[in-house]
Each structure stands twice: as structure tokens, then as C-alpha cells.
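Visitor: One file is attached below, target.txt, containing compact mmCIF, C-alpha atoms.
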# COMPACT_ATOMS: atom_id res chain seq x y z
CA MET A 1 -27.34 7.01 57.95
CA THR A 2 -28.69 9.37 60.63
CA ALA A 3 -27.20 12.45 62.24
CA MET A 4 -26.52 10.27 65.29
CA ASP A 5 -24.40 7.96 63.13
CA LEU A 6 -22.41 10.92 61.87
CA LYS A 7 -21.63 12.02 65.42
CA GLU A 8 -19.98 8.67 66.04
CA TYR A 9 -17.00 9.90 64.03
CA GLY A 10 -16.34 12.45 66.77
CA LEU A 11 -16.24 15.35 64.30
CA ASP A 12 -17.16 18.93 65.11
CA LEU A 13 -20.30 20.50 63.68
CA HIS A 14 -18.53 22.04 60.66
CA CYS A 15 -16.98 18.74 59.57
CA THR A 16 -20.24 16.90 60.27
CA MET A 17 -22.03 19.26 57.88
CA ILE A 18 -19.44 18.54 55.16
CA LEU A 19 -19.99 14.82 55.71
CA GLU A 20 -23.74 15.35 55.32
CA GLU A 21 -23.08 17.16 52.02
CA TYR A 22 -21.06 14.14 50.92
CA ARG A 23 -24.05 11.87 51.61
CA GLU A 24 -26.42 14.09 49.66
CA LEU A 25 -24.10 14.30 46.67
CA LEU A 26 -23.20 10.61 46.46
CA PRO A 27 -25.42 10.03 43.37
CA THR A 28 -23.60 12.91 41.65
CA PHE A 29 -20.20 11.53 42.65
CA ARG A 30 -21.16 8.11 41.26
CA LYS A 31 -22.20 9.63 37.95
CA MET A 32 -18.97 11.67 37.83
CA GLU A 33 -16.90 8.53 38.38
CA LYS A 34 -18.74 6.72 35.59
CA ILE A 35 -18.26 9.60 33.13
CA VAL A 36 -14.58 10.05 33.97
CA LYS A 37 -13.77 6.34 33.63
CA LYS A 38 -15.61 6.04 30.32
CA GLU A 39 -14.01 9.18 28.86
CA LEU A 40 -10.47 8.25 29.94
CA GLY A 41 -10.87 4.77 28.48
CA LYS A 42 -12.09 6.25 25.21
CA LEU A 43 -9.22 8.77 25.05
CA VAL A 44 -6.55 6.14 25.70
CA GLY A 45 -8.06 3.73 23.18
CA LYS A 46 -8.39 6.37 20.46
CA ALA A 47 -4.77 7.43 20.97
CA GLY A 48 -3.64 3.80 20.65
CA LEU A 49 -1.72 3.90 23.95
CA LEU A 50 -0.92 0.69 25.82
CA ILE A 51 -1.29 1.39 29.53
CA SER A 52 -0.71 -0.65 32.67
CA GLY A 53 -3.94 0.34 34.38
CA LEU A 54 -6.92 2.68 34.59
CA GLU A 55 -8.54 2.98 38.01
CA THR A 56 -11.35 5.11 39.43
CA ARG A 57 -12.86 5.33 42.89
CA ILE A 58 -15.09 7.37 45.17
CA LYS A 59 -13.58 8.17 48.54
CA ALA A 60 -15.25 6.03 51.22
CA GLU A 61 -17.09 7.84 53.99
CA ASP A 62 -14.84 6.61 56.79
CA SER A 63 -11.79 7.72 54.78
CA LEU A 64 -13.34 11.15 54.30
CA ALA A 65 -14.17 11.36 58.01
CA GLY A 66 -10.54 10.61 58.85
CA LYS A 67 -9.35 13.34 56.49
CA LEU A 68 -11.79 15.85 58.00
CA GLU A 69 -10.64 14.92 61.49
CA LEU A 70 -7.06 15.84 60.54
CA LYS A 71 -7.61 18.75 58.16
CA GLY A 72 -11.27 19.73 58.43
CA SER A 73 -10.54 23.39 59.11
CA LYS A 74 -9.04 23.74 55.60
CA TYR A 75 -12.38 23.11 53.89
CA ARG A 76 -15.39 25.40 53.85
CA THR A 77 -17.72 23.07 51.95
CA ILE A 78 -17.59 19.73 50.15
CA SER A 79 -16.64 21.57 46.94
CA ASP A 80 -13.25 22.41 48.46
CA LEU A 81 -12.38 18.71 48.54
CA THR A 82 -10.99 17.82 45.13
CA ASP A 83 -10.34 14.10 45.59
CA ILE A 84 -13.77 12.69 46.46
CA VAL A 85 -13.78 11.26 42.96
CA GLY A 86 -10.37 10.07 41.86
CA ALA A 87 -8.93 8.44 38.75
CA ARG A 88 -5.50 7.03 38.08
CA VAL A 89 -3.90 6.25 34.73
CA ILE A 90 -0.76 4.10 34.94
CA THR A 91 1.56 4.07 31.92
CA PHE A 92 4.56 1.91 31.07
CA TYR A 93 6.84 4.77 29.99
CA SER A 94 7.50 8.17 31.55
CA GLU A 95 7.01 10.12 28.31
CA GLU A 96 3.49 8.70 28.02
CA VAL A 97 2.49 10.40 31.28
CA ASP A 98 2.64 13.71 29.40
CA LYS A 99 0.69 12.23 26.48
CA ILE A 100 -2.07 11.21 28.88
CA ALA A 101 -1.96 14.67 30.46
CA SER A 102 -2.49 16.25 27.05
CA LEU A 103 -5.50 14.01 26.44
CA VAL A 104 -6.95 14.92 29.85
CA ASP A 105 -6.51 18.62 29.08
CA SER A 106 -8.39 18.20 25.80
CA ALA A 107 -11.37 16.45 27.42
CA PHE A 108 -11.83 18.08 30.84
CA GLU A 109 -11.57 21.53 32.39
CA VAL A 110 -8.28 21.55 34.29
CA ASP A 111 -7.89 23.71 37.39
CA TRP A 112 -4.26 24.71 36.88
CA ASN A 113 -4.02 26.50 40.23
CA GLU A 114 -4.75 23.27 42.10
CA SER A 115 -3.00 20.79 39.79
CA VAL A 116 0.43 19.55 40.89
CA ASP A 117 3.39 18.03 39.05
CA LYS A 118 5.20 16.16 41.82
CA ARG A 119 7.89 15.11 39.35
CA LYS A 120 9.34 18.63 39.61
CA GLN A 121 9.26 18.98 43.38
CA HIS A 122 12.35 17.01 44.41
CA ALA A 123 15.63 18.52 45.51
CA LEU A 124 18.64 17.68 43.35
CA ASP A 125 19.92 15.19 45.94
CA SER A 126 16.64 13.43 46.72
CA PHE A 127 14.25 10.89 45.24
CA GLY A 128 10.63 10.25 46.03
CA TYR A 129 7.04 9.90 45.01
CA ASP A 130 6.53 11.09 41.43
CA SER A 131 3.14 11.65 39.89
CA LEU A 132 1.26 14.22 37.86
CA HIS A 133 -2.00 15.31 39.49
CA TYR A 134 -4.67 17.21 37.56
CA ILE A 135 -7.70 18.70 39.30
CA CYS A 136 -10.54 18.79 36.81
CA ARG A 137 -14.21 19.48 36.17
CA ILE A 138 -16.53 17.79 33.71
CA PRO A 139 -17.38 20.33 30.98
CA LYS A 140 -21.00 20.73 29.95
CA SER A 141 -19.98 19.85 26.41
CA LEU A 142 -19.13 16.35 27.69
CA CYS A 143 -22.15 15.84 29.94
CA GLU A 144 -24.86 17.99 31.48
CA ASP A 145 -27.71 16.84 33.74
CA SER A 146 -30.32 19.32 34.98
CA SER A 147 -31.21 16.97 37.85
CA MET A 148 -27.61 17.16 39.10
CA PRO A 149 -26.59 20.85 39.01
CA GLU A 150 -23.29 20.14 40.80
CA LEU A 151 -22.12 17.68 38.14
CA ASN A 152 -20.15 20.37 36.30
CA ASN A 153 -19.04 22.29 39.39
CA LEU A 154 -17.55 19.64 41.65
CA ARG A 155 -13.90 18.89 40.99
CA PHE A 156 -12.17 15.53 40.78
CA GLU A 157 -8.55 14.34 40.65
CA ILE A 158 -6.70 12.45 37.94
CA GLN A 159 -3.31 11.00 38.84
CA MET A 160 -0.96 10.04 36.01
CA ARG A 161 2.17 8.02 36.70
CA THR A 162 4.31 5.18 35.40
CA ALA A 163 4.04 1.61 36.62
CA LEU A 164 7.30 1.97 38.56
CA GLN A 165 6.15 5.25 40.09
CA HIS A 166 3.01 3.40 41.12
CA VAL A 167 5.13 0.70 42.77
CA TRP A 168 6.96 3.38 44.74
CA ALA A 169 3.71 5.07 45.81
CA THR A 170 2.36 1.70 46.97
CA ILE A 171 5.55 1.00 48.95
CA ASN A 172 5.27 4.43 50.58
CA HIS A 173 1.70 3.78 51.57
CA ASP A 174 2.39 0.26 52.82
CA THR A 175 5.37 1.29 54.96
CA GLY A 176 3.59 4.24 56.49
CA TYR A 177 6.25 6.58 55.16
CA LYS A 178 3.66 9.32 54.63
CA SER A 179 1.63 8.58 57.75
CA GLY A 180 3.34 11.09 60.04
CA ILE A 181 5.10 8.37 62.01
CA GLU A 182 8.80 9.05 62.25
CA VAL A 183 10.78 6.43 60.36
CA PRO A 184 14.33 5.58 61.53
CA LYS A 185 17.04 7.04 59.29
CA GLU A 186 18.44 3.68 58.23
CA TYR A 187 15.03 2.72 56.82
CA LEU A 188 14.62 6.08 55.11
CA ARG A 189 18.01 5.63 53.48
CA ASN A 190 16.99 2.24 52.07
CA LEU A 191 13.68 3.64 50.87
CA ASN A 192 15.49 6.45 49.08
CA ARG A 193 17.87 3.97 47.47
CA ILE A 194 14.90 2.01 46.14
CA ALA A 195 13.32 5.23 44.89
CA GLY A 196 16.53 6.09 43.04
CA MET A 197 16.68 2.64 41.46
CA LEU A 198 13.07 2.87 40.28
CA GLU A 199 13.64 6.34 38.87
CA LEU A 200 16.74 5.14 37.01
CA ALA A 201 14.84 2.09 35.70
CA ASP A 202 12.07 4.36 34.42
CA GLU A 203 14.61 6.48 32.56
CA GLN A 204 16.38 3.44 31.11
CA PHE A 205 13.18 1.78 29.89
CA SER A 206 12.29 4.99 28.04
CA LEU A 207 15.83 5.31 26.66
CA ILE A 208 15.90 1.70 25.45
CA ARG A 209 12.49 2.08 23.85
CA SER A 210 13.59 5.27 22.09
CA SER A 211 16.79 3.59 20.88
CA ILE A 212 14.87 0.59 19.52
CA ASN A 213 12.46 2.90 17.68
CA ASP A 214 15.42 4.80 16.20
CA TYR A 215 16.95 1.49 15.11
CA ARG A 216 13.71 0.43 13.42
CA ARG A 217 13.43 3.74 11.59
CA LYS A 218 17.03 3.33 10.42
CA ILE A 219 16.33 -0.21 9.22
CA ASN A 220 13.19 0.91 7.38
CA ASN A 221 15.15 3.64 5.64
CA LEU A 222 17.97 1.29 4.61
CA VAL A 223 15.56 -1.37 3.33
CA GLU A 224 13.49 1.17 1.41
CA ASN A 225 16.68 2.40 -0.27
CA GLY A 226 17.90 -1.09 -1.06
CA LYS A 227 21.02 -0.86 1.10
CA PHE A 228 20.70 -4.49 2.17
CA GLU A 229 24.38 -5.02 2.86
CA GLU A 230 24.12 -2.56 5.76
CA VAL A 231 21.17 -4.30 7.39
CA GLU A 232 21.78 -7.12 9.84
CA LEU A 233 19.41 -10.04 9.39
CA ASP A 234 17.06 -10.21 12.38
CA GLY A 235 13.35 -10.36 13.12
CA ASP A 236 12.69 -6.66 12.54
CA SER A 237 14.74 -6.32 9.38
CA PHE A 238 13.44 -9.54 7.82
CA ARG A 239 9.84 -8.55 8.59
CA ARG A 240 10.41 -5.19 6.90
CA TYR A 241 12.12 -6.92 3.95
CA LEU A 242 9.13 -9.23 3.50
CA GLU A 243 6.87 -6.19 3.24
CA LEU A 244 8.61 -5.52 -0.09
CA ASP A 245 7.30 -8.92 -1.28
CA PRO A 246 10.75 -9.93 -2.58
CA PHE A 247 9.73 -13.47 -3.59
CA GLU A 248 6.54 -12.46 -5.43
CA ARG A 249 7.89 -13.06 -8.94
CA LEU A 250 9.13 -16.57 -8.17
CA THR A 251 5.95 -17.44 -6.25
CA HIS A 252 3.72 -16.45 -9.18
CA LYS A 253 5.99 -18.26 -11.61
CA ILE A 254 5.65 -21.45 -9.55
CA ALA A 255 1.88 -20.97 -9.28
CA LEU A 256 1.60 -20.83 -13.08
CA ILE A 257 2.92 -24.39 -13.37
CA ASN A 258 -0.53 -25.69 -12.43
CA GLN A 259 -2.48 -22.41 -12.52
CA ALA A 260 -2.57 -22.77 -8.74
CA GLU A 261 -4.14 -20.46 -6.20
CA ILE A 262 -1.67 -18.81 -3.80
CA GLN A 263 -2.54 -19.10 -0.13
CA LYS A 264 -0.95 -16.39 2.02
CA THR A 265 1.32 -17.68 4.78
CA SER A 266 4.20 -16.29 6.82
CA SER A 267 7.82 -16.67 5.76
CA LEU A 268 9.15 -15.65 9.18
CA PRO A 269 9.82 -19.28 10.28
CA TYR A 270 12.56 -19.42 7.64
CA LEU A 271 14.57 -16.73 9.42
CA LYS A 272 16.01 -19.20 11.92
CA VAL A 273 17.00 -21.53 9.09
CA MET A 274 18.83 -18.78 7.22
CA LYS A 275 20.70 -17.62 10.31
CA GLY A 276 21.66 -21.23 10.98
CA LEU A 277 23.02 -21.47 7.43
CA GLY A 278 25.23 -18.44 8.02
CA PHE A 279 23.16 -15.63 6.50
CA ARG A 280 24.12 -12.40 8.29
CA THR A 281 22.61 -9.53 6.33
CA LEU A 282 19.65 -8.88 4.04
CA ALA A 283 22.20 -8.79 1.22
CA ASP A 284 22.71 -12.54 1.80
CA VAL A 285 18.97 -13.09 1.35
CA GLU A 286 18.99 -10.96 -1.81
CA LYS A 287 21.89 -13.03 -3.14
CA LEU A 288 19.94 -16.22 -2.40
CA LYS A 289 16.97 -14.88 -4.34
CA ASN A 290 18.92 -13.55 -7.30
CA GLU A 291 21.37 -16.44 -7.78
CA TYR A 292 19.12 -19.42 -7.02
CA GLU A 293 15.80 -18.34 -8.55
CA ASP A 294 16.12 -20.34 -11.76
CA ASP A 295 17.21 -23.47 -9.89
CA ALA A 296 14.35 -23.07 -7.39
CA TYR A 297 11.87 -22.86 -10.27
CA GLN A 298 13.44 -25.95 -11.84
CA LEU A 299 12.96 -27.79 -8.53
CA ALA A 300 9.32 -26.64 -8.26
CA LEU A 301 8.64 -27.74 -11.82
CA SER A 302 9.98 -31.22 -11.07
CA GLN A 303 7.76 -31.47 -7.99
CA LEU A 304 4.52 -29.97 -9.31
CA GLY A 305 4.64 -30.87 -12.99
CA GLY A 306 2.33 -33.78 -13.73
CA THR A 307 0.36 -33.28 -10.49
CA ASP A 308 -3.06 -31.73 -10.00
CA ILE A 309 -2.01 -29.54 -7.04
CA ASP A 310 -3.96 -26.30 -7.44
CA ILE A 311 -3.15 -24.52 -4.16
CA ILE A 312 0.34 -23.46 -3.05
CA VAL A 313 1.47 -21.41 -0.06
CA SER A 314 3.15 -18.04 -0.59
CA SER A 315 6.27 -19.21 1.27
CA VAL A 316 6.94 -21.92 -1.33
CA ALA A 317 9.40 -19.69 -3.19
CA LEU A 318 11.63 -19.15 -0.15
CA GLN A 319 11.37 -22.82 0.78
CA ASP A 320 12.47 -23.91 -2.68
CA LEU A 321 15.29 -21.35 -2.70
CA LEU A 322 16.60 -22.70 0.61
CA THR A 323 16.14 -26.29 -0.57
CA VAL A 324 18.36 -25.59 -3.58
CA TYR A 325 20.86 -23.72 -1.42
CA ILE A 326 21.15 -26.63 1.02
CA LEU A 327 21.52 -29.20 -1.76
CA ARG A 328 24.01 -27.10 -3.75
CA ASN A 329 26.18 -26.66 -0.67
CA GLY A 330 26.30 -30.29 0.41
CA GLY A 331 23.59 -30.27 3.09
CA GLY A 332 21.97 -33.39 1.65
CA GLU A 333 19.03 -35.19 3.24
CA LYS A 334 20.07 -34.14 6.73
CA GLY A 335 20.00 -30.46 5.79
CA LEU A 336 16.57 -30.82 4.20
CA ALA A 337 15.20 -32.60 7.26
CA MET A 338 16.48 -29.71 9.38
CA LEU A 339 14.71 -27.23 7.08
CA TYR A 340 11.40 -29.07 7.44
CA SER A 341 11.74 -29.45 11.21
CA GLU A 342 12.54 -25.78 11.79
CA THR A 343 9.69 -24.52 9.63
CA GLY A 344 7.01 -27.13 10.18
CA GLY A 345 7.84 -28.76 13.49
CA SER A 346 9.36 -32.08 14.43
CA SER A 347 7.90 -35.11 12.65
CA PRO A 348 9.09 -38.59 11.58
CA TYR A 349 7.84 -37.68 8.09
CA ASN A 350 10.51 -34.99 7.73
CA ASP A 351 13.18 -37.63 7.08
CA VAL A 352 10.96 -39.38 4.55
CA ARG A 353 10.18 -36.12 2.80
CA ALA A 354 13.85 -35.12 2.77
CA ARG A 355 14.76 -38.44 1.18
CA GLN A 356 12.09 -38.05 -1.51
CA VAL A 357 13.07 -34.47 -2.38
CA PHE A 358 16.77 -35.33 -2.45
CA LYS A 359 16.14 -38.26 -4.80
CA LYS A 360 14.01 -36.18 -7.19
CA ALA A 361 16.44 -33.26 -7.14
CA SER A 362 19.50 -35.45 -7.78
CA SER A 363 18.76 -35.63 -11.48
CA LEU A 364 18.33 -31.87 -11.91
CA PRO A 365 21.09 -29.80 -13.61
CA PHE A 366 21.87 -27.59 -10.60
CA MET A 367 22.97 -30.64 -8.60
CA LYS A 368 25.75 -31.28 -11.11
CA ARG A 369 27.34 -27.83 -10.69
CA GLU A 370 30.06 -26.99 -8.21
CA PRO A 371 28.90 -25.60 -4.81
CA GLU A 372 29.04 -21.83 -4.59
CA GLU A 373 30.63 -19.79 -1.80
CA GLN A 374 28.35 -19.48 1.22
CA PRO A 375 27.54 -16.14 2.92
Go ahead and render the structure in this file as C-alpha cells.
Guide:
Amino acid sequence: MTAMDLKEYGLDLHCTMILEEYRELLPTFRKMEKIVKKELGKLVGKAGLLISGLETRIKAEDSLAGKLELKGSKYRTISDLTDIVGARVITFYSEEVDKIASLVDSAFEVDWNESVDKRKQHALDSFGYDSLHYICRIPKSLCEDSSMPELNNLRFEIQMRTALQHVWATINHDTGYKSGIEVPKEYLRNLNRIAGMLELADEQFSLIRSSINDYRRKINNLVENGKFEEVELDGDSFRRYLELDPFERLTHKIALINQAEIQKTSSLPYLKVMKGLGFRTLADVEKLKNEYEDDAYQLALSQLGGTDIDIIVSSVALQDLLTVYILRNGGGEKGLAMLYSETGGSSPYNDVRARQVFKKASSLPFMKREPEEQP
């Protein structure tokens, strides 16, 4: 680009000189962008944070020319412009904005005089664009290049916001709300209503997440202390219960029938079966294990004894416990077919298998006892 091309923007000499500085420093800006993007990605990954997006960009020349046309007198040199290189980290939850900010502070030199927390700038009766903006430099400890002396002097901007705050910022930009064009009051009112809804949604998502985490901690504590009667049977509680390996003894006992190898598999598919049978708490599962273990082993012995099966799955204990439970409580072949369908998928063989198991189990002692009270 020539000086003649620069004059086409219609800028005065001062702004034209800043634009020329921009051209000369483009290689430095590109390297800055690359360093910032790589470092932010590394920080987020190391912290184990799940984010909605990580974006970086270098301000385009025509965009810079437009900014200089409006506000060129504010800037002495290109170094006064802090958003030539920009990055944006978009989180899912509002509290994670501050976590990202802490990571940024640990990796870059933050210019606190220029950084802005727009989340704290609203009046009590207003809503609007929320975002945390840090103006930073790349410290020499992170990267230094003698061929680019400005690499550690030029500043760049990092914006941190939630996904919903990002939606609001995009709406603002798309509607021209910040463009200087006067927007009719009825439209402003609707925009403010949307802003309030998004702000409330952000708060509620964080509150719900916090409540769920508190619930999980409570469940973990109750399970660890064996207070199973206080723990409702659901996906989280059953998963935590399985971490205690409650069916290990029965599984190994069954494996010893044929000196079989135990192949690890998930017992989670049996949760739906138990809930369908009326199990409500982990205490009901404990009762199943404690009261039906001998009968389940008896069933396994009748099925595996005399065979050469040398591999069993780790969920066999729970399957045999539920098989005995269904048979002892009058579920019959239909109940067994349901068990196989829920845990292994629909198949015409489920009815055949149910019939075979029912026939073999009919001669076992537990089938001759009275049904016990269900949960």
C-alpha cells in the first residue's frame, strides 16, 4: 500500500502517520495474536475449564481508519491504541469469567489503569452490555524477540464474558444500538427487557449449577457414611454407589464357579429396571444385595456349573440379584424379558432366554419360598 492509498481514507496527516505505523507493525501484531491465542488456550486447558469460545483477531485496516476518523485526536501514536490485537474468551457461567481473569493476570502484564469491568458500570435500574476487559502486554518471560522490539511494549485487549453476555453484545452491534444513531424509545425499552432476561438467565444458570454441585457433595457424603436410606436412587447417587463396588463379593464368588475372568462392564443400565420395580432409595438396593445374595449365587451356580464359560461380566451379580428378585415377586417370564430388553436392547431372543432361565430357576429352593415385601 502506498501513501497515496492511505490518503484515500480522507484522514489528516496525524492519523495517516498512525495508519503507516500500523502497516509497519503488522508482523508484530500477527505474532502477538499467535502468542495470545496459544497461551489462552493452554491456560484454559490446564485449568480444566469448559468454555463456549476462544477468539482472536487483528483489527482490519479499514476498521482502524474508521476509528481514527472518529477519534484520531485521542491517540498520539499506534501504542495508544490498545485493541489492535484483541482476544475474547466466552464462558458458560458468570463465575468462570473471574476464573479466566485470574488466569490472564497470572500469564500477562495487566494494565489496571486501562482495564474495565463493565459489569459494575450499570445503574441500579438499568441493564446492558456486560463484559470484563483487560488491557495487557506480553511479558518477556513468556516471549521475547530481538527482531521485534515492540512485541513486549504494545498492548492488546482480552474480553471475558459469558455466552449470554456475548449474545447481548452481538444484538447491540447488529441493531446499531451503539452506533450513535438515536433509537426510538419503544425499541430501547424492548432491548432493555431482553438484557434483563439474559442477565437473569445468567444468574439462574449459575445458581442451578451451584445447587446441583451442592446436591452431589451431599450425596457423596451420605453414601460415604452409609446413610443409604437418605439417598434417593437416581443417576448421580447410583453412580457414586457403584464406586464403592458393592457387588464385588458376589461377582468374585460367581467367578470362582468356573475360575472365570471378570470383564469390566457398566451396571448403570440396571438403574432403569430398579426404578421400574419400585426401588426408591439406595437402601432398597442395599436390601436387594443383602437379602438376595445367596439366592443369586444359587442361580449363577445352576447356570454356570457344568459349563466351560471362563469369562463373565462384572454386572452379572446385579443381573442375577434382579433376576431372583423378579422371580421371587411373581414377575415370571415377562419380568425377565423386560430385564433383558432394558439392559441389552430389544431382541426376539429375550423371550427365549427368559423362558430358559425361568425353567431352570423353577427347581431352585428360593422359588419355593413366599414372596417378600417389595420396596
Visitor: Could you check how far CA of Val104 in chain A sits from CA of Arg57 in chain A, in Å to one decimal?
Guide: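 If I compute the distance from CA of Val104 in chain A to CA of Arg57 in chain A, I get 17.2 Å.
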Visitor: Quick one: of A:Ala163, A:Ile194, A:Met338, A:Leu103, who's nearest to Asp351 in chain A, counting all atoms listed in the file?
Guide: A:Met338
Visitor: Which polymer residues have any atom within 6 Å of an atom of Ala87 in chain A, counting only C-alpha atoms, with same-chain residues fewer than 2 positions away left out, as a list in words?
Guide: Glu55, Thr56 and Ile158 of chain A
Visitor: Identify which of the residues A:Ser266, A:Ser315, A:Phe228, A:Ser141 lies closest to Asp284 in chain A, counting all atoms listed in the file when measuring atom-to-atom distances.
Guide: A:Phe228
Visitor: If I put a ball of radius 10 Å at (10.7, -11.7, -6.3) in the file's coordinates, which residues poke into it when counting all atoms listed in the file, written as a PyMOL selection string?
Guide: chain A and resi 244-253+286+289-290+293+317-318
